[in-house]
Amino acid sequence: MAFLRLILEIICYNNDMPMHKTFQYRIYPTKTQRLALEQTIETCRRFYNDCLAERKTAYEERGESIGKFKQLRKVKEQKNNNPYAKGIHSHVLQIVVADLDKAFQAFFRRAKAGEKAGYPRFKGRDRFDSFGFKEYGNGFNLDGRRLKLSGIGRVAVKWHRPIEGEVKTLRICRKAGKCFASFSCVVDEKPLPENNRAVGIDVGIKSLLATSEGEIFENPKWYREGQAKLRVLQRSVSRKTKGGHNRKKAVHLLQNHHEYISNQRKDYLNKIVYNITTNYGFIAIENLQIRNMVKNHNLSKSILDGGWGYFAQHLAYKAAEAGRELVQVAPAYTSKTCSGCGTIFEDLDLSVRWVECDCGLALDRDVNAAINILRKALLNRDGQSRWELTWAVAPCVSQEAVAL
C-alpha cells in the first residue's frame, strides 16, 4: 500500500494537482518541555488502548462494529474526565482515533486480500512514540525560529534547511531518545529539465544496483558491518536489571546504533536516487515481491539490509517530483535471458555472476538483467514495432508486451 500511495502521488503530479512533501527537523525541548512531551505521548497511548479495547469488546460481546466517528465523540468526554488530557489539544486526541482507524482499515484490507491479517495490538509503554496536529495555526504554529506547541510551549528547532510551501499538519515523534518535528506541506511542482535518456535498473545482493549502461553500485552491507558492535550492545542490555537506570542507558546506546545503520543506508540510497532522477528521463525497475522473497531465510537478511523496498519507494517519489517516467516490469527471466539474442540460460544459478552466450555476448549478470528490464519497459511503452528484434538462437523471449 505504501508503494500504491506513491503511485497515486505520481498520478496527482501528472494531473497538475498539488504535491505534498514532508520536512523533518530535530527539536530540542527543555527539561520541562520534554516532560510535557512524554506526558502527552503517554496520555495518547492510554487513549489509543482504551479505544482499541472498546472496539474489541463491542465486537466480541455484541457483534457490534464501532467506527471512527463514534469514537471521535469520546474526545470531549476524555478531556472532561481525564485530568492528564485537559491540557492536551483536542486535535491531538482526534489524531489518535484516526491512527487507530487506519490500523483497522489496514487489517481489513490484509484480511480481504488473504494475507496475514495482523489484528491491531495494544501499545506497550515503549511502542507508542508520536502524536500529531491536523491544522496549522490551531494547536501549533511557527513563532520566529521556534515551534509553538499547545500545552508545551515554544520549542527550539534546528532548521537545517528552509521549509517550503504551505504547512498543513505536524507530527511530533520520538526516536532513539531524540525528538523530531515532521511538517506536511503543499509544495509547488518543480520538474527537472526534460531528459530523453532511458535506464534499466536491477537490484541484487552482491552488487546492490546495476544499470543497463554498465554502472554498478556496490553493496556496503551496513547491517552486517555493524553486527559486531550490535552483539556487544545487545549483550549489555540483556545483563542489566529490567526497569533499572543502567538498562535504560544501555537500550539508548543500542537504539542509537540501529539508527546510525539506518541513516547510513538511507543516505547512500538517497544519493543514488538523486543521481538516477537527475540523469535519466525514463527509468525501469523490477516489480519485486519483497515480502515473499524474504521468506527465503538464506537471503532474507541480505535483502532487507540492501533496502530494496526503501529504494523503490523513494525512487517513485523522487521520479514524480522531478517529472520522470518510472515503469515497473515483471522480473521473470530478466537474469536468465541473453540480452543480445534472447537465449534462455536454464541452468543459471545465483553463484554465476558472469554470463556468456554463443552469440558472443559476455557480460556481468546484473548488467545483463538491467538491459532486459529496460527492453521490457520500452516494449510496454512503445509497443513491439519499435523494438522488435529477430533472434536466430532459440528459445527466445516473447516479443509481446509484458503486463505490469
# chains A, B, ... in the order shown; residues from 1 in each chain; ligands from 1
$ residues_around --residues "Ile216 in chain A" --least-positions-apart "4" --cutoff "12 Å" --atoms "only C-alpha atoms" --output "ChimeraX atom specification"
/A:200-212,272,364-368,370
$ residues_around --residues "range 90-105 of chain A" --least-positions-apart "5" --cutoff "7 Å" --atoms "only C-alpha atoms" --output "JSON, numbers by chain"
{"A": [44, 48, 68, 71, 72, 75, 120, 131, 132, 133, 134]}
$ residues_around --residues "Trp308 in chain A" --least-positions-apart "4" --cutoff "8 Å" --atoms "only C-alpha atoms" --output "mmCIF file with C-alpha atoms, in the first residue's frame"
data_model
loop_
_atom_site.group_PDB
_atom_site.id
_atom_site.type_symbol
_atom_site.label_atom_id
_atom_site.label_comp_id
_atom_site.auth_asym_id
_atom_site.auth_seq_id
_atom_site.Cartn_x
_atom_site.Cartn_y
_atom_site.Cartn_z
ATOM 1 C CA VAL A 203 18.771 -4.765 -7.697
ATOM 2 C CA ILE A 290 9.937 -8.406 -1.463
ATOM 3 C CA ILE A 303 17.614 -8.451 1.025
ATOM 4 C CA LEU A 304 16.448 -6.367 3.972
ATOM 5 C CA ALA A 312 11.801 1.567 -4.879
#
$ residues_around --residues "Lys123 in chain A" --least-positions-apart "3" --cutoff "12 Å" --atoms "only C-alpha atoms" --output "ChimeraX atom specification"
/A:41-53,100,120,126-130
$ residues_around --residues "range 260-271 of chain A" --least-positions-apart "5" --cutoff "9 Å" --atoms "only C-alpha atoms" --output "PyMOL selection string"
chain A and resi 220-223+226+255+276+305-307+310-311+314-315
$ closest_residue --among "A:Pro331, A:Gly118, A:Pro29, A:Gly177" --to "Lys158 in chain A" --atoms "only C-alpha atoms"
A:Pro29
$ closest_residue --among "A:Ala106, A:Arg146, A:His257, A:Asp188" --to "Ala176 in chain A" --atoms "only C-alpha atoms"
A:His257
$ select_by_dssp --residues "range 186-392 of chain A" --states "helix (DSSP H, G or I)" --output "count of residues only"
101
$ select_by_dssp --residues "range 185-247 of chain A" --states "strand (DSSP E)" --output "number ranges by chain"
A: 185-187, 198-203, 207-211, 216-218
$ write_last_selection --atoms "N, CA and C atoms" --output "PDB file, in the first residue's frame"
ATOM      1  N   CYS A 185       3.654  19.560   4.010  1.00  0.00           N
ATOM      2  CA  CYS A 185       3.447  20.830   3.304  1.00  0.00           C
ATOM      3  C   CYS A 185       2.959  20.577   1.879  1.00  0.00           C
ATOM      4  N   VAL A 186       2.172  21.502   1.386  1.00  0.00           N
ATOM      5  CA  VAL A 186       1.787  21.513  -0.029  1.00  0.00           C
ATOM      6  C   VAL A 186       2.799  22.377  -0.762  1.00  0.00           C
ATOM      7  N   VAL A 187       3.510  21.776  -1.717  1.00  0.00           N
ATOM      8  CA  VAL A 187       4.590  22.481  -2.408  1.00  0.00           C
ATOM      9  C   VAL A 187       4.273  22.607  -3.888  1.00  0.00           C
ATOM     10  N   ALA A 198      17.220   6.822 -21.207  1.00  0.00           N
ATOM     11  CA  ALA A 198      16.477   5.751 -20.545  1.00  0.00           C
ATOM     12  C   ALA A 198      17.462   4.813 -19.855  1.00  0.00           C
ATOM     13  N   VAL A 199      17.030   4.248 -18.729  1.00  0.00           N
ATOM     14  CA  VAL A 199      17.896   3.334 -17.990  1.00  0.00           C
ATOM     15  C   VAL A 199      17.057   2.230 -17.360  1.00  0.00           C
ATOM     16  N   GLY A 200      17.616   1.035 -17.320  1.00  0.00           N
ATOM     17  CA  GLY A 200      17.027  -0.089 -16.599  1.00  0.00           C
ATOM     18  C   GLY A 200      17.865  -0.375 -15.368  1.00  0.00           C
ATOM     19  N   ILE A 201      17.232  -0.734 -14.275  1.00  0.00           N
ATOM     20  CA  ILE A 201      17.935  -0.941 -13.003  1.00  0.00           C
ATOM     21  C   ILE A 201      17.601  -2.317 -12.455  1.00  0.00           C
ATOM     22  N   ASP A 202      18.653  -3.060 -12.105  1.00  0.00           N
ATOM     23  CA  ASP A 202      18.484  -4.370 -11.478  1.00  0.00           C
ATOM     24  C   ASP A 202      19.060  -4.307 -10.070  1.00  0.00           C
ATOM     25  N   VAL A 203      18.281  -4.734  -9.080  1.00  0.00           N
ATOM     26  CA  VAL A 203      18.771  -4.765  -7.697  1.00  0.00           C
ATOM     27  C   VAL A 203      19.276  -6.162  -7.387  1.00  0.00           C
ATOM     28  N   SER A 207      26.077  -7.083  -5.854  1.00  0.00           N
ATOM     29  CA  SER A 207      26.083  -5.662  -6.215  1.00  0.00           C
ATOM     30  C   SER A 207      24.701  -5.119  -5.899  1.00  0.00           C
ATOM     31  N   LEU A 208      24.642  -4.012  -5.190  1.00  0.00           N
ATOM     32  CA  LEU A 208      23.340  -3.501  -4.765  1.00  0.00           C
ATOM     33  C   LEU A 208      22.472  -3.118  -5.957  1.00  0.00           C
ATOM     34  N   LEU A 209      23.083  -2.401  -6.936  1.00  0.00           N
ATOM     35  CA  LEU A 209      22.352  -1.976  -8.130  1.00  0.00           C
ATOM     36  C   LEU A 209      23.266  -2.084  -9.337  1.00  0.00           C
ATOM     37  N   ALA A 210      22.657  -2.426 -10.464  1.00  0.00           N
ATOM     38  CA  ALA A 210      23.361  -2.400 -11.744  1.00  0.00           C
ATOM     39  C   ALA A 210      22.447  -1.757 -12.764  1.00  0.00           C
ATOM     40  N   THR A 211      23.000  -0.918 -13.625  1.00  0.00           N
ATOM     41  CA  THR A 211      22.197  -0.229 -14.622  1.00  0.00           C
ATOM     42  C   THR A 211      22.459  -0.809 -16.005  1.00  0.00           C
ATOM     43  N   ILE A 216      27.711   0.033 -11.925  1.00  0.00           N
ATOM     44  CA  ILE A 216      27.440  -0.884 -10.814  1.00  0.00           C
ATOM     45  C   ILE A 216      27.673  -0.155  -9.498  1.00  0.00           C
ATOM     46  N   PHE A 217      26.682  -0.239  -8.602  1.00  0.00           N
ATOM     47  CA  PHE A 217      26.797   0.347  -7.266  1.00  0.00           C
ATOM     48  C   PHE A 217      27.035  -0.792  -6.277  1.00  0.00           C
ATOM     49  N   GLU A 218      28.146  -0.730  -5.591  1.00  0.00           N
ATOM     50  CA  GLU A 218      28.498  -1.805  -4.665  1.00  0.00           C
ATOM     51  C   GLU A 218      27.563  -1.823  -3.457  1.00  0.00           C
TER      52      GLU A 218
END
$ decode --residues "range 165-272 of chain A" --atoms "C-alpha atoms" --output "PDB file, in the first residue's frame"
ATOM      1  CA  GLY A 165       5.246  25.511   0.625  1.00  0.00           C
ATOM      2  CA  GLU A 166       2.175  25.793   2.826  1.00  0.00           C
ATOM      3  CA  VAL A 167       2.355  23.954   6.141  1.00  0.00           C
ATOM      4  CA  LYS A 168      -0.690  21.730   6.697  1.00  0.00           C
ATOM      5  CA  THR A 169      -0.103  19.228   9.506  1.00  0.00           C
ATOM      6  CA  LEU A 170       2.530  18.351  12.091  1.00  0.00           C
ATOM      7  CA  ARG A 171       3.681  15.111  13.691  1.00  0.00           C
ATOM      8  CA  ILE A 172       5.955  15.081  16.754  1.00  0.00           C
ATOM      9  CA  CYS A 173       7.854  11.822  17.105  1.00  0.00           C
ATOM     10  CA  ARG A 174      10.405  10.352  19.484  1.00  0.00           C
ATOM     11  CA  LYS A 175      13.178   8.171  18.088  1.00  0.00           C
ATOM     12  CA  ALA A 176      16.206   6.767  19.916  1.00  0.00           C
ATOM     13  CA  GLY A 177      15.885   9.391  22.635  1.00  0.00           C
ATOM     14  CA  LYS A 178      15.690  12.269  20.146  1.00  0.00           C
ATOM     15  CA  CYS A 179      12.630  14.336  19.227  1.00  0.00           C
ATOM     16  CA  PHE A 180      11.654  15.347  15.706  1.00  0.00           C
ATOM     17  CA  ALA A 181       9.003  17.545  14.112  1.00  0.00           C
ATOM     18  CA  SER A 182       7.656  16.460  10.716  1.00  0.00           C
ATOM     19  CA  PHE A 183       5.770  19.118   8.741  1.00  0.00           C
ATOM     20  CA  SER A 184       3.479  18.037   5.897  1.00  0.00           C
ATOM     21  CA  CYS A 185       3.447  20.830   3.304  1.00  0.00           C
ATOM     22  CA  VAL A 186       1.787  21.513  -0.029  1.00  0.00           C
ATOM     23  CA  VAL A 187       4.590  22.481  -2.408  1.00  0.00           C
ATOM     24  CA  ASP A 188       4.742  23.776  -5.951  1.00  0.00           C
ATOM     25  CA  GLU A 189       5.851  21.365  -8.655  1.00  0.00           C
ATOM     26  CA  LYS A 190       9.458  21.832  -9.765  1.00  0.00           C
ATOM     27  CA  PRO A 191      10.117  19.320 -12.547  1.00  0.00           C
ATOM     28  CA  LEU A 192      13.656  18.954 -13.824  1.00  0.00           C
ATOM     29  CA  PRO A 193      14.514  19.814 -17.455  1.00  0.00           C
ATOM     30  CA  GLU A 194      13.363  17.200 -19.958  1.00  0.00           C
ATOM     31  CA  ASN A 195      15.705  14.267 -20.461  1.00  0.00           C
ATOM     32  CA  ASN A 196      15.355  11.570 -23.146  1.00  0.00           C
ATOM     33  CA  ARG A 197      17.865   9.118 -21.676  1.00  0.00           C
ATOM     34  CA  ALA A 198      16.477   5.751 -20.545  1.00  0.00           C
ATOM     35  CA  VAL A 199      17.896   3.334 -17.990  1.00  0.00           C
ATOM     36  CA  GLY A 200      17.027  -0.089 -16.599  1.00  0.00           C
ATOM     37  CA  ILE A 201      17.935  -0.941 -13.003  1.00  0.00           C
ATOM     38  CA  ASP A 202      18.484  -4.370 -11.478  1.00  0.00           C
ATOM     39  CA  VAL A 203      18.771  -4.765  -7.697  1.00  0.00           C
ATOM     40  CA  GLY A 204      20.870  -7.522  -6.217  1.00  0.00           C
ATOM     41  CA  ILE A 205      22.832  -8.740  -3.219  1.00  0.00           C
ATOM     42  CA  LYS A 206      26.440  -8.978  -4.391  1.00  0.00           C
ATOM     43  CA  SER A 207      26.083  -5.662  -6.215  1.00  0.00           C
ATOM     44  CA  LEU A 208      23.340  -3.501  -4.765  1.00  0.00           C
ATOM     45  CA  LEU A 209      22.352  -1.976  -8.130  1.00  0.00           C
ATOM     46  CA  ALA A 210      23.361  -2.400 -11.744  1.00  0.00           C
ATOM     47  CA  THR A 211      22.197  -0.229 -14.622  1.00  0.00           C
ATOM     48  CA  SER A 212      21.704  -1.014 -18.299  1.00  0.00           C
ATOM     49  CA  GLU A 213      24.593   1.342 -19.081  1.00  0.00           C
ATOM     50  CA  GLY A 214      27.022  -0.843 -17.144  1.00  0.00           C
ATOM     51  CA  GLU A 215      27.231   1.234 -13.966  1.00  0.00           C
ATOM     52  CA  ILE A 216      27.440  -0.884 -10.814  1.00  0.00           C
ATOM     53  CA  PHE A 217      26.797   0.347  -7.266  1.00  0.00           C
ATOM     54  CA  GLU A 218      28.498  -1.805  -4.665  1.00  0.00           C
ATOM     55  CA  ASN A 219      26.633  -3.147  -1.645  1.00  0.00           C
ATOM     56  CA  PRO A 220      28.124  -1.685   1.574  1.00  0.00           C
ATOM     57  CA  LYS A 221      26.216  -4.251   3.723  1.00  0.00           C
ATOM     58  CA  TRP A 222      25.598  -1.787   6.541  1.00  0.00           C
ATOM     59  CA  TYR A 223      23.841  -4.156   8.949  1.00  0.00           C
ATOM     60  CA  ARG A 224      26.377  -6.959   8.554  1.00  0.00           C
ATOM     61  CA  GLU A 225      29.225  -4.494   9.078  1.00  0.00           C
ATOM     62  CA  GLY A 226      27.573  -3.213  12.256  1.00  0.00           C
ATOM     63  CA  GLN A 227      26.681  -6.623  13.702  1.00  0.00           C
ATOM     64  CA  ALA A 228      29.838  -6.968  15.785  1.00  0.00           C
ATOM     65  CA  LYS A 229      29.050  -3.818  17.756  1.00  0.00           C
ATOM     66  CA  LEU A 230      25.349  -4.718  17.896  1.00  0.00           C
ATOM     67  CA  ARG A 231      26.201  -8.030  19.587  1.00  0.00           C
ATOM     68  CA  VAL A 232      28.126  -6.220  22.305  1.00  0.00           C
ATOM     69  CA  LEU A 233      25.333  -3.687  22.871  1.00  0.00           C
ATOM     70  CA  GLN A 234      22.609  -6.353  22.914  1.00  0.00           C
ATOM     71  CA  ARG A 235      24.511  -8.415  25.460  1.00  0.00           C
ATOM     72  CA  SER A 236      24.959  -5.301  27.565  1.00  0.00           C
ATOM     73  CA  VAL A 237      21.187  -4.749  27.570  1.00  0.00           C
ATOM     74  CA  SER A 238      20.449  -8.360  28.466  1.00  0.00           C
ATOM     75  CA  ARG A 239      22.748  -8.205  31.501  1.00  0.00           C
ATOM     76  CA  LYS A 240      21.088  -5.153  33.019  1.00  0.00           C
ATOM     77  CA  THR A 241      18.221  -5.348  35.515  1.00  0.00           C
ATOM     78  CA  LYS A 242      14.851  -4.660  33.934  1.00  0.00           C
ATOM     79  CA  GLY A 243      13.472  -1.278  34.941  1.00  0.00           C
ATOM     80  CA  GLY A 244      16.869  -0.047  36.092  1.00  0.00           C
ATOM     81  CA  HIS A 245      18.535   3.200  35.080  1.00  0.00           C
ATOM     82  CA  ASN A 246      21.587   1.398  33.647  1.00  0.00           C
ATOM     83  CA  ARG A 247      19.340  -0.705  31.422  1.00  0.00           C
ATOM     84  CA  LYS A 248      17.726   2.455  30.032  1.00  0.00           C
ATOM     85  CA  LYS A 249      21.164   3.825  29.166  1.00  0.00           C
ATOM     86  CA  ALA A 250      22.152   0.547  27.506  1.00  0.00           C
ATOM     87  CA  VAL A 251      18.922   0.477  25.481  1.00  0.00           C
ATOM     88  CA  HIS A 252      19.553   4.067  24.419  1.00  0.00           C
ATOM     89  CA  LEU A 253      23.021   3.136  23.101  1.00  0.00           C
ATOM     90  CA  LEU A 254      21.552   0.176  21.213  1.00  0.00           C
ATOM     91  CA  GLN A 255      18.844   2.350  19.677  1.00  0.00           C
ATOM     92  CA  ASN A 256      21.428   4.914  18.597  1.00  0.00           C
ATOM     93  CA  HIS A 257      23.477   2.265  16.794  1.00  0.00           C
ATOM     94  CA  HIS A 258      20.420   0.909  14.983  1.00  0.00           C
ATOM     95  CA  GLU A 259      19.537   4.465  13.955  1.00  0.00           C
ATOM     96  CA  TYR A 260      23.105   5.019  12.740  1.00  0.00           C
ATOM     97  CA  ILE A 261      22.922   1.937  10.490  1.00  0.00           C
ATOM     98  CA  SER A 262      19.529   3.022   9.167  1.00  0.00           C
ATOM     99  CA  ASN A 263      20.821   6.521   8.405  1.00  0.00           C
ATOM    100  CA  GLN A 264      23.825   5.087   6.570  1.00  0.00           C
ATOM    101  CA  ARG A 265      21.512   3.040   4.350  1.00  0.00           C
ATOM    102  CA  LYS A 266      19.128   5.914   3.639  1.00  0.00           C
ATOM    103  CA  ASP A 267      21.916   8.376   2.878  1.00  0.00           C
ATOM    104  CA  TYR A 268      23.545   6.018   0.368  1.00  0.00           C
ATOM    105  CA  LEU A 269      20.266   5.155  -1.374  1.00  0.00           C
ATOM    106  CA  ASN A 270      19.105   8.783  -1.442  1.00  0.00           C
ATOM    107  CA  LYS A 271      22.286   9.791  -3.264  1.00  0.00           C
ATOM    108  CA  ILE A 272      21.805   7.005  -5.817  1.00  0.00           C
TER     109      ILE A 272
END
